[in-house]
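Engineer: I am attaching a structure below and will ask some questions about it afterwards.
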Amino acid sequence: MTTTLITGANKSLGYETARQLIAAGHTVYVGARDLGRGREAADRLGGRFVQLDVTDDASVRAAAQQILEEAGGLDVLVNNAGILGSRENTVEDFQNVYATNVFGVARMMQEFLPLLEKSDNPVVVNVSSGLGSITVATDPEGNKSAAPVWVPALVYGSSKAALNMLTVQYAHQYPNMRINVVDPGYTATDFNSHNGYQTIEQGAEIIIRLAQIDQDGPTAQYLSLTGTMPW
């Protein structure tokens with residue numbers, strides 16, 4: 001049985017990813033900050049709930065301990081939790097967004113790498129965005145397949161670019177793991193007031209695909225449903 005943890009899994013892409021991986025036979029831990037919403041989502045899905053705030057050391061440490069005690073280790077980590085920020089481009093906004101989108105992932109990796117190392121097939125999927133592509137940002141007209149809708153996103157975009165580099169660095173440091181970053185595409189979520197042209201099911205597809213690879217699968221890659229994303 002594959003044990004999987006998904007952060008921010010009580011709604012949207014995280015919820016759909018959990019739903020489909022449970023259907024595929026994974027034991028999925030539904031990670032969520034809010035106790036009530038998280039438990040409700042886990043119960044609806046048939047998953048296991050773990051209270052998890054990626055910005056808090058004690059919360060992440062407790063989640064790792066719970067999963068270690070209950071499952072003995074972890075096979076798949078999906079770092080899905082992320083925030084858009086206020087778009088005011090203040091230093092405080094940078095700090096808030098990076099706390100979740102970048103430092104939160106680093107905190108998760110720090111605590112869960114020992115659990116992943118117990119697995120015969122350890123996999124990490126980091127959920128990024130086309131807005132994290134420096135190539136797209138410098139030439140949006142030439143890369144419409146990667147980002148058909150151009151959105152000014154100084155804070156959010158730069159945080160996802162940082163996440164992309166974080167992914168590559170971890171992948172090189174842990175060559176026995178498959179560590180990739182994905183762009184779900186312009187999906188109808190709370191982030192865009194549900195204006196995205198893709199459904200939640202379509203957006204989650206690349207996350208689900210990468211969560212199920214084996215040790216012959218890619219690593220240190222930036223991938224979307226259309227193929228390899230330009231960095």
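Ligands are numbered from 1 in the order shown, residues from 1 within each chain, and chains are lettered A, B, ... in the order they appear in the structure tokens.
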Neighbouring residues of region 60-69 of chain A were defined as those with any atom within 9 Å, considering only C-alpha atoms; residues of the same chain fewer than 5 positions away were excluded. Please report them as a list of chain:residue names.

Structural biologist: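 So, after excluding close chain neighbours, the residues are A:Leu5, A:Tyr29, A:Gly31, A:Val50, A:Gln51, A:Leu52, A:Asp53, A:Val54, A:Thr55, A:Leu74, A:Arg107, A:Met108, A:Glu111, A:Phe112, A:Leu115.
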
Engineer: Only all heavy atoms, please: the residues just picked out, written as a short mmCIF file (atom, residue, chain, number, x, y, z; two decimals), in the first residue's frame.

Structural biologist:
```
data_model
loop_
_atom_site.label_atom_id
_atom_site.label_comp_id
_atom_site.auth_asym_id
_atom_site.auth_seq_id
_atom_site.Cartn_x
_atom_site.Cartn_y
_atom_site.Cartn_z
N LEU A 5 0.93 11.76 1.49
CA LEU A 5 0.52 12.95 2.23
C LEU A 5 0.36 14.10 1.25
O LEU A 5 1.25 14.37 0.44
CB LEU A 5 1.56 13.32 3.29
CG LEU A 5 1.42 14.70 3.94
CD1 LEU A 5 0.09 14.83 4.68
CD2 LEU A 5 2.59 14.97 4.88
N TYR A 29 -3.12 10.73 3.46
CA TYR A 29 -3.27 11.64 4.59
C TYR A 29 -3.66 13.01 4.04
O TYR A 29 -2.93 13.60 3.24
CB TYR A 29 -1.98 11.74 5.39
CG TYR A 29 -1.79 10.58 6.34
CD1 TYR A 29 -1.21 9.40 5.92
CD2 TYR A 29 -2.22 10.66 7.66
CE1 TYR A 29 -1.05 8.33 6.78
CE2 TYR A 29 -2.07 9.60 8.54
CZ TYR A 29 -1.48 8.44 8.10
OH TYR A 29 -1.33 7.38 8.96
N GLY A 31 -3.87 16.60 4.57
CA GLY A 31 -3.28 17.64 5.41
C GLY A 31 -4.04 18.94 5.27
O GLY A 31 -4.33 19.38 4.16
N VAL A 50 -4.67 14.65 8.93
CA VAL A 50 -3.55 15.10 9.75
C VAL A 50 -3.58 16.63 9.77
O VAL A 50 -3.61 17.26 8.71
CB VAL A 50 -2.19 14.57 9.27
CG1 VAL A 50 -1.90 14.98 7.82
CG2 VAL A 50 -1.07 15.03 10.19
N GLN A 51 -3.65 17.19 10.96
CA GLN A 51 -3.65 18.66 11.06
C GLN A 51 -2.25 19.15 10.74
O GLN A 51 -1.26 18.68 11.29
CB GLN A 51 -4.06 19.09 12.46
CG GLN A 51 -4.35 20.58 12.56
CD GLN A 51 -5.03 20.95 13.86
OE1 GLN A 51 -5.00 20.20 14.82
NE2 GLN A 51 -5.68 22.11 13.88
N LEU A 52 -2.17 20.13 9.83
CA LEU A 52 -0.87 20.50 9.30
C LEU A 52 -0.87 21.93 8.81
O LEU A 52 -1.58 22.29 7.87
CB LEU A 52 -0.52 19.55 8.14
CG LEU A 52 0.82 19.71 7.44
CD1 LEU A 52 1.97 19.62 8.42
CD2 LEU A 52 0.98 18.65 6.36
N ASP A 53 -0.06 22.76 9.45
CA ASP A 53 0.18 24.14 9.02
C ASP A 53 1.64 24.21 8.60
O ASP A 53 2.54 24.13 9.44
CB ASP A 53 -0.09 25.10 10.17
CG ASP A 53 0.15 26.56 9.80
OD1 ASP A 53 0.70 26.83 8.71
OD2 ASP A 53 -0.17 27.44 10.63
N VAL A 54 1.89 24.34 7.30
CA VAL A 54 3.26 24.26 6.79
C VAL A 54 4.12 25.44 7.23
O VAL A 54 5.35 25.41 7.06
CB VAL A 54 3.28 24.15 5.25
CG1 VAL A 54 2.53 22.91 4.79
CG2 VAL A 54 2.74 25.41 4.58
N THR A 55 3.50 26.47 7.80
CA THR A 55 4.28 27.63 8.27
C THR A 55 4.71 27.48 9.72
O THR A 55 5.38 28.36 10.26
CB THR A 55 3.48 28.94 8.13
OG1 THR A 55 2.38 28.94 9.04
CG2 THR A 55 2.97 29.11 6.71
N LEU A 74 6.66 7.15 4.72
CA LEU A 74 5.89 7.86 3.70
C LEU A 74 6.46 7.54 2.33
O LEU A 74 7.68 7.49 2.15
CB LEU A 74 5.96 9.38 3.95
CG LEU A 74 5.09 10.26 3.07
CD1 LEU A 74 3.61 10.02 3.34
CD2 LEU A 74 5.42 11.74 3.30
N ARG A 107 10.35 23.37 4.96
CA ARG A 107 10.05 22.80 6.29
C ARG A 107 9.49 21.38 6.14
O ARG A 107 9.86 20.47 6.90
CB ARG A 107 9.06 23.70 7.01
CG ARG A 107 8.73 23.28 8.42
CD ARG A 107 7.82 24.28 9.11
NE ARG A 107 8.54 25.52 9.43
CZ ARG A 107 8.39 26.68 8.79
NH1 ARG A 107 7.52 26.77 7.77
NH2 ARG A 107 9.07 27.75 9.13
N MET A 108 8.61 21.19 5.19
CA MET A 108 8.06 19.86 4.95
C MET A 108 9.15 18.87 4.53
O MET A 108 9.18 17.73 5.01
CB MET A 108 6.99 19.93 3.85
CG MET A 108 5.69 20.61 4.27
SD MET A 108 4.79 19.69 5.53
CE MET A 108 4.40 18.18 4.64
N GLU A 111 11.36 17.78 7.56
CA GLU A 111 10.75 16.85 8.51
C GLU A 111 10.38 15.50 7.88
O GLU A 111 10.40 14.47 8.56
CB GLU A 111 9.50 17.47 9.13
CG GLU A 111 9.79 18.65 10.04
CD GLU A 111 10.59 18.27 11.27
OE1 GLU A 111 10.52 17.09 11.71
OE2 GLU A 111 11.31 19.15 11.79
N PHE A 112 10.05 15.50 6.59
CA PHE A 112 9.54 14.27 5.98
C PHE A 112 10.57 13.50 5.16
O PHE A 112 10.30 12.35 4.78
CB PHE A 112 8.30 14.58 5.14
CG PHE A 112 7.07 14.77 5.97
CD1 PHE A 112 6.68 16.03 6.39
CD2 PHE A 112 6.32 13.69 6.38
CE1 PHE A 112 5.56 16.22 7.19
CE2 PHE A 112 5.19 13.85 7.18
CZ PHE A 112 4.81 15.11 7.59
N LEU A 115 11.21 10.13 6.62
CA LEU A 115 10.12 9.18 6.39
C LEU A 115 10.14 8.68 4.95
O LEU A 115 9.90 7.50 4.69
CB LEU A 115 8.76 9.82 6.70
CG LEU A 115 8.32 9.83 8.17
CD1 LEU A 115 9.18 10.79 8.99
CD2 LEU A 115 6.84 10.19 8.29
#
```

Engineer: Could you list, as a list in words, every residue within 9 Å of region 86-95 of chain A, counting only C-alpha atoms and ignoring same-chain residues fewer than 6 positions away?

Structural biologist: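 The contact residues come out as Pro152, Ala153, Leu154, Val155, Tyr156 and Ser159 of chain A.
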
Engineer: Could you tell me how far CA of Gly72 (chain A) lies from CA of Asp56 (chain A), in Å and to one decimal?

Structural biologist: 22.7 Å

Engineer: Using only C-alpha atoms, determine which residues lie at most 12 Å from Ala106 (chain A), disregarding the query and same-chain residues fewer than 5 positions distant; provide the list as a PyMOL selection string.

Structural biologist: chain A and resi 54-57+60+79+98-101+111-113+126+162-167+169-170

Engineer: Next, dump the selected residues to file, keeping only N, CA and C atoms, as a short mmCIF file (atom, residue, chain, number, x, y, z; two decimals), in the first residue's frame.

Structural biologist:
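Saved to out_7.cif:
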```
data_model
loop_
_atom_site.label_atom_id
_atom_site.label_comp_id
_atom_site.auth_asym_id
_atom_site.auth_seq_id
_atom_site.Cartn_x
_atom_site.Cartn_y
_atom_site.Cartn_z
N VAL A 54 1.89 24.34 7.30
CA VAL A 54 3.26 24.26 6.79
C VAL A 54 4.12 25.44 7.23
N THR A 55 3.50 26.47 7.80
CA THR A 55 4.28 27.63 8.27
C THR A 55 4.71 27.48 9.72
N ASP A 56 4.34 26.37 10.36
CA ASP A 56 4.59 26.20 11.78
C ASP A 56 5.44 24.96 12.05
N ASP A 57 6.61 25.16 12.67
CA ASP A 57 7.53 24.06 12.93
C ASP A 57 6.88 22.94 13.74
N VAL A 60 4.23 20.85 11.74
CA VAL A 60 4.83 19.94 10.76
C VAL A 60 5.52 18.77 11.47
N ASN A 79 3.44 18.50 -2.07
CA ASN A 79 3.46 19.83 -1.47
C ASN A 79 2.55 20.74 -2.29
N TYR A 98 5.96 33.82 0.83
CA TYR A 98 7.12 32.93 0.87
C TYR A 98 7.07 31.99 2.06
N ALA A 99 6.45 32.43 3.16
CA ALA A 99 6.34 31.59 4.35
C ALA A 99 5.62 30.28 4.03
N THR A 100 4.61 30.35 3.17
CA THR A 100 3.89 29.15 2.76
C THR A 100 4.49 28.50 1.53
N ASN A 101 4.68 29.27 0.47
CA ASN A 101 5.03 28.71 -0.83
C ASN A 101 6.46 28.22 -0.95
N GLU A 111 11.36 17.78 7.56
CA GLU A 111 10.75 16.85 8.51
C GLU A 111 10.38 15.50 7.88
N PHE A 112 10.05 15.50 6.59
CA PHE A 112 9.54 14.27 5.98
C PHE A 112 10.57 13.50 5.16
N LEU A 113 11.72 14.08 4.89
CA LEU A 113 12.76 13.31 4.19
C LEU A 113 13.12 12.02 4.90
N ASN A 126 5.97 18.80 -6.11
CA ASN A 126 5.77 20.18 -5.67
C ASN A 126 4.86 20.89 -6.67
N ALA A 162 11.13 30.41 -7.05
CA ALA A 162 11.98 29.91 -5.98
C ALA A 162 11.68 28.45 -5.68
N LEU A 163 10.41 28.07 -5.70
CA LEU A 163 10.04 26.68 -5.48
C LEU A 163 10.60 25.78 -6.57
N ASN A 164 10.60 26.27 -7.80
CA ASN A 164 11.16 25.48 -8.90
C ASN A 164 12.64 25.17 -8.66
N MET A 165 13.40 26.17 -8.24
CA MET A 165 14.82 25.96 -7.96
C MET A 165 15.00 25.05 -6.75
N LEU A 166 14.17 25.22 -5.74
CA LEU A 166 14.22 24.36 -4.57
C LEU A 166 14.04 22.90 -4.98
N THR A 167 13.12 22.66 -5.88
CA THR A 167 12.86 21.30 -6.35
C THR A 167 14.09 20.69 -7.02
N GLN A 169 17.23 21.53 -6.70
CA GLN A 169 18.31 21.33 -5.74
C GLN A 169 18.08 20.09 -4.88
N TYR A 170 16.85 19.90 -4.41
CA TYR A 170 16.55 18.70 -3.63
C TYR A 170 16.70 17.44 -4.48
#
```

Engineer: Run DSSP on the backbone and tell me which residues of chain A come out as strand (DSSP E or B); list them as a PyMOL selection string.

Structural biologist: chain A and resi 3-6+27-32+48-51+76-79+123-127+178-182+187+198+222-224+227-228

Engineer: For Val123 (chain A), which residue out of A:Gly217, A:Gly157, A:Gly36, A:Gly203 is the nearest one, using only C-alpha atoms?

Structural biologist: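 Checking each of A:Gly217, A:Gly157, A:Gly36, A:Gly203 against Val123 (chain A), counting only C-alpha atoms, the winner is A:Gly217.
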
Engineer: Which residue, A:Leu223, A:Ala71, A:Met229, A:Ile134, has the smallest gap to Ser119 (chain A) when you use only C-alpha atoms?

Structural biologist: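 Checking each of A:Leu223, A:Ala71, A:Met229, A:Ile134 against Ser119 (chain A), counting only C-alpha atoms, the winner is A:Ala71.
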
Engineer: So which one's closest to Gln212 (chain A), A:Gly130, A:Gly14, A:Gly25, A:Gly185? Using only C-alpha atoms, please.

Structural biologist: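 Distance minimum relative to Gln212 (chain A) lands on A:Gly25.
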